[in-house]
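Asker: The structure file query.cif (mmCIF, C-alpha atoms) is provided below.
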```cif
data_structure
#
loop_
_atom_site.group_PDB
_atom_site.id
_atom_site.type_symbol
_atom_site.label_atom_id
_atom_site.label_comp_id
_atom_site.auth_asym_id
_atom_site.auth_seq_id
_atom_site.Cartn_x
_atom_site.Cartn_y
_atom_site.Cartn_z
ATOM 1 C CA MET A 279 0.000 0.000 0.000
ATOM 2 C CA LEU A 280 1.062 3.622 -0.530
ATOM 3 C CA LEU A 281 0.804 4.180 3.198
ATOM 4 C CA HIS A 282 3.784 1.934 3.893
ATOM 5 C CA VAL A 283 6.572 4.545 3.604
ATOM 6 C CA GLY A 284 4.600 6.962 5.731
ATOM 7 C CA VAL A 285 4.096 4.256 8.326
ATOM 8 C CA ILE A 286 7.835 3.668 8.620
ATOM 9 C CA ALA A 287 8.578 7.388 8.975
ATOM 10 C CA LEU A 288 5.878 7.993 11.552
ATOM 11 C CA ALA A 289 6.736 4.832 13.476
ATOM 12 C CA TYR A 290 10.323 6.091 13.767
ATOM 13 C CA ALA A 291 9.157 9.504 14.943
ATOM 14 C CA TRP A 292 6.787 7.899 17.443
ATOM 15 C CA ARG A 293 9.514 5.708 18.932
ATOM 16 C CA ARG A 294 11.816 8.700 19.184
ATOM 17 C CA ASN A 295 9.146 10.720 20.950
ATOM 18 C CA ARG A 296 8.485 7.876 23.368
ATOM 19 C CA GLN A 297 12.186 7.730 24.227
ATOM 20 C CA ASP A 298 12.370 11.494 24.667
ATOM 21 C CA GLY A 299 9.240 11.510 26.825
ATOM 22 C CA GLU A 300 7.450 13.939 24.512
ATOM 23 C CA PRO A 301 3.662 13.992 24.207
ATOM 24 C CA LEU A 302 2.059 11.570 21.773
ATOM 25 C CA ILE A 303 -0.423 14.195 20.583
ATOM 26 C CA ILE A 304 1.128 14.819 17.178
ATOM 27 C CA GLU A 305 -1.335 17.187 15.527
ATOM 28 C CA ARG A 306 -4.794 18.671 15.743
ATOM 29 C CA ALA A 307 -7.383 16.759 13.731
ATOM 30 C CA ALA A 308 -10.892 17.302 12.470
ATOM 31 C CA ALA A 309 -13.531 15.123 14.091
ATOM 32 C CA VAL A 310 -14.481 11.932 12.301
ATOM 33 C CA PRO A 311 -17.622 12.611 10.258
ATOM 34 C CA SER A 312 -20.971 11.584 11.667
ATOM 35 C CA SER A 313 -21.571 8.818 9.118
ATOM 36 C CA PRO A 314 -22.341 5.220 10.123
ATOM 37 C CA MET A 315 -18.648 4.371 9.854
ATOM 38 C CA GLY A 316 -16.913 1.712 11.934
ATOM 39 C CA TYR A 317 -18.295 -0.053 15.000
ATOM 40 C CA VAL A 318 -19.556 1.784 18.065
ATOM 41 C CA ARG A 319 -20.105 0.817 21.666
ATOM 42 C CA GLY A 320 -21.341 3.018 24.485
ATOM 43 C CA SER A 321 -24.063 5.584 24.966
ATOM 44 C CA PRO A 322 -24.980 7.880 22.056
ATOM 45 C CA ASP A 323 -25.367 10.581 24.713
ATOM 46 C CA ALA A 324 -21.753 10.314 25.884
ATOM 47 C CA PRO A 325 -20.088 13.757 25.770
ATOM 48 C CA VAL A 326 -17.025 12.613 23.808
ATOM 49 C CA GLU A 327 -16.109 9.869 21.374
ATOM 50 C CA ILE A 328 -12.881 7.866 21.345
ATOM 51 C CA VAL A 329 -12.139 6.815 17.774
ATOM 52 C CA GLU A 330 -9.537 4.099 17.274
ATOM 53 C CA PHE A 331 -7.949 3.343 13.920
ATOM 54 C CA ALA A 332 -6.462 -0.143 14.159
ATOM 55 C CA ASP A 333 -5.026 -2.923 12.013
ATOM 56 C CA PHE A 334 -6.177 -6.312 13.322
ATOM 57 C CA GLU A 335 -2.710 -7.756 12.673
ATOM 58 C CA CYS A 336 -0.798 -4.849 14.227
ATOM 59 C CA PRO A 337 0.973 -6.032 17.427
ATOM 60 C CA GLY A 338 0.577 -2.636 19.086
ATOM 61 C CA CYS A 339 -3.144 -2.735 18.336
ATOM 62 C CA GLY A 340 -3.342 -6.178 19.907
ATOM 63 C CA GLU A 341 -1.531 -4.956 22.982
ATOM 64 C CA PHE A 342 -3.935 -2.038 23.379
ATOM 65 C CA ALA A 343 -6.996 -4.235 22.801
ATOM 66 C CA THR A 344 -5.991 -6.858 25.358
ATOM 67 C CA GLN A 345 -4.253 -4.759 28.022
ATOM 68 C CA VAL A 346 -5.695 -1.234 27.954
ATOM 69 C CA GLU A 347 -9.076 -1.327 26.257
ATOM 70 C CA PRO A 348 -10.762 -3.449 28.963
ATOM 71 C CA GLU A 349 -10.110 -0.640 31.468
ATOM 72 C CA VAL A 350 -11.260 1.965 28.959
ATOM 73 C CA ARG A 351 -14.512 0.051 28.619
ATOM 74 C CA THR A 352 -15.203 -0.326 32.331
ATOM 75 C CA ARG A 353 -14.098 3.137 33.465
ATOM 76 C CA LEU A 354 -15.027 5.335 30.532
ATOM 77 C CA ILE A 355 -17.501 3.602 28.227
ATOM 78 C CA GLU A 356 -19.714 1.764 30.693
ATOM 79 C CA THR A 357 -19.851 4.815 32.965
ATOM 80 C CA GLY A 358 -21.057 7.037 30.122
ATOM 81 C CA LEU A 359 -18.025 9.331 30.119
ATOM 82 C CA ALA A 360 -17.242 8.436 26.498
ATOM 83 C CA ARG A 361 -18.253 6.146 23.687
ATOM 84 C CA PHE A 362 -15.868 4.130 21.529
ATOM 85 C CA ARG A 363 -15.711 3.872 17.733
ATOM 86 C CA PHE A 364 -13.443 1.301 16.053
ATOM 87 C CA LEU A 365 -12.275 1.687 12.454
ATOM 88 C CA ASP A 366 -10.207 -1.176 11.051
ATOM 89 C CA PHE A 367 -7.854 -0.895 8.109
ATOM 90 C CA GLN A 368 -4.670 -2.583 6.894
ATOM 91 C CA VAL A 369 -1.842 -0.076 7.254
ATOM 92 C CA ASN A 370 1.082 -2.435 6.641
ATOM 93 C CA GLU A 371 1.502 -4.531 3.483
ATOM 94 C CA SER A 372 3.101 -7.361 5.460
ATOM 95 C CA HIS A 373 -0.116 -7.854 7.453
ATOM 96 C CA ARG A 374 -1.582 -10.023 4.727
ATOM 97 C CA ASN A 375 -4.256 -11.644 6.918
ATOM 98 C CA SER A 376 -5.564 -8.363 8.296
ATOM 99 C CA PRO A 377 -8.206 -7.872 5.552
ATOM 100 C CA MET A 378 -9.590 -11.354 6.269
ATOM 101 C CA ALA A 379 -9.745 -10.527 9.977
ATOM 102 C CA SER A 380 -11.712 -7.396 9.114
ATOM 103 C CA VAL A 381 -14.194 -9.448 7.095
ATOM 104 C CA ALA A 382 -14.447 -12.030 9.891
ATOM 105 C CA ALA A 383 -15.342 -9.321 12.395
ATOM 106 C CA ALA A 384 -17.786 -7.613 10.024
ATOM 107 C CA CYS A 385 -19.567 -10.900 9.387
ATOM 108 C CA ALA A 386 -19.860 -11.432 13.139
ATOM 109 C CA ASN A 387 -21.310 -7.934 13.360
ATOM 110 C CA ASP A 388 -24.124 -9.052 11.052
ATOM 111 C CA GLN A 389 -25.209 -11.274 13.928
ATOM 112 C CA GLY A 390 -24.662 -8.642 16.627
ATOM 113 C CA LYS A 391 -21.335 -10.072 17.807
ATOM 114 C CA PHE A 392 -18.707 -7.669 16.486
ATOM 115 C CA TRP A 393 -17.091 -6.903 19.825
ATOM 116 C CA GLU A 394 -16.947 -10.537 20.856
ATOM 117 C CA MET A 395 -15.179 -11.362 17.574
ATOM 118 C CA HIS A 396 -12.962 -8.268 17.916
ATOM 119 C CA ASP A 397 -11.786 -9.524 21.293
ATOM 120 C CA ARG A 398 -11.174 -13.077 20.065
ATOM 121 C CA ILE A 399 -9.229 -11.882 17.017
ATOM 122 C CA PHE A 400 -6.915 -9.669 19.010
ATOM 123 C CA ALA A 401 -6.442 -12.219 21.785
ATOM 124 C CA GLY A 402 -5.482 -14.886 19.236
ATOM 125 C CA GLN A 403 -3.416 -12.638 16.979
ATOM 126 C CA ARG A 404 -0.313 -14.832 17.132
ATOM 127 C CA ASP A 405 -2.300 -17.873 15.999
ATOM 128 C CA TRP A 406 -3.835 -16.426 12.818
ATOM 129 C CA SER A 407 -1.310 -13.743 11.778
ATOM 130 C CA SER A 408 0.384 -13.992 8.384
ATOM 131 C CA VAL A 409 3.549 -15.156 10.154
ATOM 132 C CA ALA A 410 1.651 -18.121 11.619
ATOM 133 C CA THR A 411 -0.577 -19.188 8.713
ATOM 134 C CA GLN A 412 -1.581 -18.485 5.131
ATOM 135 C CA ASN A 413 -5.121 -19.665 5.817
ATOM 136 C CA PRO A 414 -6.655 -18.046 8.907
ATOM 137 C CA LYS A 415 -10.229 -18.988 8.014
ATOM 138 C CA PRO A 416 -10.408 -22.160 10.175
ATOM 139 C CA ILE A 417 -9.264 -20.156 13.183
ATOM 140 C CA PHE A 418 -11.809 -17.403 12.573
ATOM 141 C CA HIS A 419 -14.476 -20.047 12.010
ATOM 142 C CA GLY A 420 -13.630 -21.495 15.407
ATOM 143 C CA TYR A 421 -14.004 -18.059 16.972
ATOM 144 C CA ALA A 422 -17.431 -17.721 15.321
ATOM 145 C CA ARG A 423 -18.592 -20.974 16.885
ATOM 146 C CA ALA A 424 -17.104 -20.049 20.260
ATOM 147 C CA ILE A 425 -18.981 -16.736 20.483
ATOM 148 C CA GLY A 426 -22.281 -18.447 19.736
ATOM 149 C CA ILE A 427 -23.238 -17.196 16.284
ATOM 150 C CA ASP A 428 -24.563 -19.209 13.363
ATOM 151 C CA ALA A 429 -21.276 -20.466 11.944
ATOM 152 C CA ASN A 430 -22.839 -21.433 8.604
ATOM 153 C CA ASP A 431 -24.206 -17.935 8.013
ATOM 154 C CA TRP A 432 -20.901 -16.476 9.139
ATOM 155 C CA GLU A 433 -18.998 -18.722 6.716
ATOM 156 C CA GLU A 434 -21.230 -17.744 3.808
ATOM 157 C CA CYS A 435 -20.588 -14.095 4.591
ATOM 158 C CA PHE A 436 -16.851 -14.639 4.991
ATOM 159 C CA ASP A 437 -16.449 -16.635 1.775
ATOM 160 C CA ALA A 438 -18.333 -13.961 -0.168
ATOM 161 C CA ARG A 439 -15.997 -11.312 1.311
ATOM 162 C CA ARG A 440 -18.959 -9.170 2.258
ATOM 163 C CA HIS A 441 -18.053 -5.867 3.855
ATOM 164 C CA ALA A 442 -14.517 -6.000 2.416
ATOM 165 C CA ASP A 443 -14.899 -2.428 1.155
ATOM 166 C CA GLU A 444 -15.548 -1.078 4.642
ATOM 167 C CA ALA A 445 -11.881 -1.206 5.628
ATOM 168 C CA ILE A 446 -11.048 0.697 2.420
ATOM 169 C CA THR A 447 -13.497 3.410 3.464
ATOM 170 C CA HIS A 448 -11.829 3.551 6.861
ATOM 171 C CA ALA A 449 -8.403 3.886 5.220
ATOM 172 C CA ARG A 450 -9.682 6.848 3.195
ATOM 173 C CA GLU A 451 -10.893 8.476 6.398
ATOM 174 C CA ALA A 452 -7.467 7.884 7.932
ATOM 175 C CA GLY A 453 -5.927 9.604 4.927
ATOM 176 C CA ARG A 454 -8.299 12.543 5.304
ATOM 177 C CA ILE A 455 -6.830 13.331 8.698
ATOM 178 C CA SER A 456 -3.259 12.454 7.644
ATOM 179 C CA LEU A 457 -3.079 9.378 9.864
ATOM 180 C CA ARG A 458 -0.373 6.869 8.971
ATOM 181 C CA TYR A 459 0.131 4.701 12.070
ATOM 182 C CA THR A 460 -1.882 2.154 14.014
ATOM 183 C CA PRO A 461 -3.144 2.206 16.597
ATOM 184 C CA SER A 462 -4.086 5.869 16.519
ATOM 185 C CA PHE A 463 -6.859 7.641 18.352
ATOM 186 C CA VAL A 464 -8.984 10.690 17.635
ATOM 187 C CA ILE A 465 -10.465 12.131 20.832
ATOM 188 C CA GLY A 466 -12.213 15.427 20.330
ATOM 189 C CA ASP A 467 -9.817 17.291 18.039
ATOM 190 C CA GLN A 468 -6.733 15.500 19.320
ATOM 191 C CA LEU A 469 -4.893 12.885 17.289
ATOM 192 C CA LEU A 470 -2.742 10.511 19.336
ATOM 193 C CA ALA A 471 -0.465 8.086 17.488
ATOM 194 C CA GLY A 472 0.782 4.806 18.866
ATOM 195 C CA GLY A 473 -0.281 2.600 21.748
ATOM 196 C CA GLN A 474 -1.685 4.579 24.645
ATOM 197 C CA SER A 475 -2.025 3.945 28.355
ATOM 198 C CA PHE A 476 -5.356 4.267 30.092
ATOM 199 C CA ASP A 477 -4.129 7.458 31.750
ATOM 200 C CA ALA A 478 -3.302 8.984 28.369
ATOM 201 C CA ILE A 479 -6.753 8.124 27.003
ATOM 202 C CA LYS A 480 -8.441 9.460 30.139
ATOM 203 C CA ALA A 481 -6.429 12.694 29.991
ATOM 204 C CA ALA A 482 -7.483 13.228 26.380
ATOM 205 C CA VAL A 483 -11.124 12.553 27.260
ATOM 206 C CA ASP A 484 -10.898 15.019 30.149
ATOM 207 C CA LEU A 485 -9.382 17.646 27.857
ATOM 208 C CA ALA A 486 -12.096 17.121 25.262
ATOM 209 C CA THR A 487 -14.871 17.488 27.832
ATOM 210 C CA GLY A 488 -13.263 20.051 30.149
ATOM 211 C CA PRO A 489 -14.418 23.661 30.662
ATOM 212 C CA SER A 490 -11.471 25.028 28.672
ATOM 213 C CA ARG A 491 -12.353 23.174 25.482
ATOM 214 C CA ARG A 492 -13.223 25.039 22.317
ATOM 215 C CA PRO A 493 -16.919 25.203 21.325
ATOM 216 C CA ALA A 494 -18.080 21.754 20.317
ATOM 217 C CA ARG A 495 -18.859 21.058 16.675
ATOM 218 C CA SER A 496 -22.362 19.933 15.811
ATOM 219 C CA ARG A 497 -22.546 16.186 15.147
ATOM 220 C CA SER A 498 -25.719 14.557 13.967
ATOM 221 C CA ASP A 499 -24.860 11.282 15.741
ATOM 222 C CA GLN A 500 -24.730 12.846 19.206
#
```
Hey, can you dump this file as structure tokens for me?
Answerer:
Amino acid sequence: MLLHVGVIALAYAWRRNRQDGEPLIIERAAAVPSSPMGYVRGSPDAPVEIVEFADFECPGCGEFATQVEPEVRTRLIETGLARFRFLDFQVNESHRNSPMASVAAACANDQGKFWEMHDRIFAGQRDWSSVATQNPKPIFHGYARAIGIDANDWEECFDARRHADEAITHAREAGRISLRYTPSFVIGDQLLAGGQSFDAIKAAVDLATGPSRRPARSRSDQ
């Protein structure tokens, strides 16, 4: 993909910033448009939205999903302080199984089980990644059965590659805000690149909802 060179450059800058202890907020960004894009959990009345751009095969995305996101869910999403929007897209050419993971999750979403599949995919990343296998379908099929959806309907959806274009739409949105690294997060008008701690996410949410924030933009999905 054309994003690959940009990914390398930004990854280097991000690592350097982490070593220097500089903030991970790398630029100001426009809010993600209020279209039915990605997958959302949490109250529509939450005062701020956390938008994650993530590659299912990205190790840093897996680390965030398994180690940080559970706390984000319990302390921010379930309490109504924020809602969470997930946009998946393949940012690295070497992540050859990432598009299939996106389709697997989207097909689970057809049966109301996106987040359960999201969690299984990230937890089992080492088992189905392109380093581990050239055919991740049996593993994803096992996840579908384990989360209690109709595995036959899921398989039909997966084999037809339904929803494959959704990740392309997400990649275009990432390009619109000049995002080149996963995971990255848009919180209010802040763009944070790289894996984040819970404290960093909470600080960004507080800034987006605090009294010193700029006037909020109108969003039809709030």
Asker: A:Glu347, A:Glu434, A:Asp366, A:Asp477: which is nearest A:Phe392, counting only C-alpha atoms?
Answerer: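 The closest residue to A:Phe392 is A:Asp366.
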Asker: Between atom CA of A:Asn387 and atom CA of A:Ala486, what is the distance in Å, rounded to a tenth?
Answerer: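 It comes out at 29.2 Å.
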Asker: Convert the output of the PyMOL selection byres ((chain A and resi 472) around 7) on the shown file into explicit residues, formatted as a VMD selection string.
Answerer: chain A and resid 292 459 to 462 470 to 471 473 to 474
Asker: Report, in Å to a single decimal, how far apart atom CA of A:Thr344 and atom CA of A:Leu485 are.
Answerer: 24.9 Å
Asker: I need the output of the PyMOL selection byres ((chain A and resi 333) around 9) for this file as a PDB file with C-alpha atoms, keeping the file's coordinate frame; which residues are they?
Answerer:
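For reference, out14.pdb as written:
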```pdb
ATOM      1  CA  PHE A 331      -7.949   3.343  13.920  1.00  0.00           C
ATOM      2  CA  ALA A 332      -6.462  -0.143  14.159  1.00  0.00           C
ATOM      3  CA  PHE A 334      -6.177  -6.312  13.322  1.00  0.00           C
ATOM      4  CA  GLU A 335      -2.710  -7.756  12.673  1.00  0.00           C
ATOM      5  CA  CYS A 336      -0.798  -4.849  14.227  1.00  0.00           C
ATOM      6  CA  PRO A 337       0.973  -6.032  17.427  1.00  0.00           C
ATOM      7  CA  CYS A 339      -3.144  -2.735  18.336  1.00  0.00           C
ATOM      8  CA  GLY A 340      -3.342  -6.178  19.907  1.00  0.00           C
ATOM      9  CA  LEU A 365     -12.275   1.687  12.454  1.00  0.00           C
ATOM     10  CA  ASP A 366     -10.207  -1.176  11.051  1.00  0.00           C
ATOM     11  CA  PHE A 367      -7.854  -0.895   8.109  1.00  0.00           C
ATOM     12  CA  GLN A 368      -4.670  -2.583   6.894  1.00  0.00           C
ATOM     13  CA  VAL A 369      -1.842  -0.076   7.254  1.00  0.00           C
ATOM     14  CA  ASN A 370       1.082  -2.435   6.641  1.00  0.00           C
ATOM     15  CA  HIS A 373      -0.116  -7.854   7.453  1.00  0.00           C
ATOM     16  CA  SER A 376      -5.564  -8.363   8.296  1.00  0.00           C
ATOM     17  CA  PRO A 377      -8.206  -7.872   5.552  1.00  0.00           C
ATOM     18  CA  SER A 380     -11.712  -7.396   9.114  1.00  0.00           C
ATOM     19  CA  THR A 460      -1.882   2.154  14.014  1.00  0.00           C
ATOM     20  CA  PRO A 461      -3.144   2.206  16.597  1.00  0.00           C
TER      21      PRO A 461
END
```
Asker: So how many Å separate atom CA of A:Ala422 and atom CA of A:Gln389, to one decimal?
Answerer: 10.2 Å
Asker: Can you list, as a list in words, every protein, DNA or RNA residue that comes within 10 Å of A:Ala482 when you count all atoms listed in the file, leaving out same-chain residues fewer than 3 positions away?
Answerer: Ile303, Val326, Ile328, Phe463, Val464, Ile465, Gly466, Asp467, Gln468, Leu469, Leu470, Phe476, Asp477, Ala478, Ile479, Leu485, Ala486, Thr487 and Gly488 of chain A
Asker: Using only C-alpha atoms, what residues lie at most 10 Å away from (-7.3, -15.9, 10.1) (file coordinates), given as a ChimeraX atom specification?
Answerer: /A:335,374-382,399,402-408,410-421
Asker: Please list as a PyMOL selection string every residue within 10 Å of A:Val350, counting all atoms listed in the file and excluding residues in the same chain fewer than 2 positions away.
Answerer: chain A and resi 328+343+345-348+352-357+360-362+475-477+479-480
Asker: Given the choices A:Cys385, A:Ala481, A:Arg450, A:Ala401, which gets closest to A:Asp437 if the distance is worked out from all atoms listed in the file?
Answerer: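 When distances to A:Asp437 are compared using all atoms listed in the file, the smallest one comes from A:Cys385.
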Asker: Enclose stretch 442-457 of chain A, meaning all of its atoms listed in the file, in a box aligned along x, y and z, pad it by 8 Å on each side, and list the centre and edge lengths in Å to one decimal, as lines of an AutoDock Vina configuration file.
Answerer:
```
center_x = -9.3
center_y = 3.7
center_z = 5.5
size_x = 28.5
size_y = 35.3
size_z = 24.7
```
Asker: With distances taken over all atoms listed in the file, which of A:Ala384, A:Ser372, A:Gly316, A:Arg351 is nearest to A:Cys435?
Answerer: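 Ranking A:Ala384, A:Ser372, A:Gly316, A:Arg351 by distance to A:Cys435, first place goes to A:Ala384.
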Asker: So which one's closest to A:Ala452, A:Val329, A:Leu359, A:Val318, A:Val483? Using all atoms listed in the file, please.
Answerer: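 Looking at the shortest contact to A:Ala452, the residue is A:Val329.
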Asker: Nearest residue to A:Arg439 out of A:Ala383, A:Tyr317, A:Asp323, A:Glu349, using only C-alpha atoms?
Answerer: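 That would be A:Ala383, the residue with the smallest distance to A:Arg439.
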Asker: Between A:Trp432, A:Gly390, A:Met315, A:Asp397, which is the closest to A:Ile446 once you count only C-alpha atoms?
Answerer: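 Using only C-alpha atoms, the shortest distance to A:Ile446 belongs to A:Met315.
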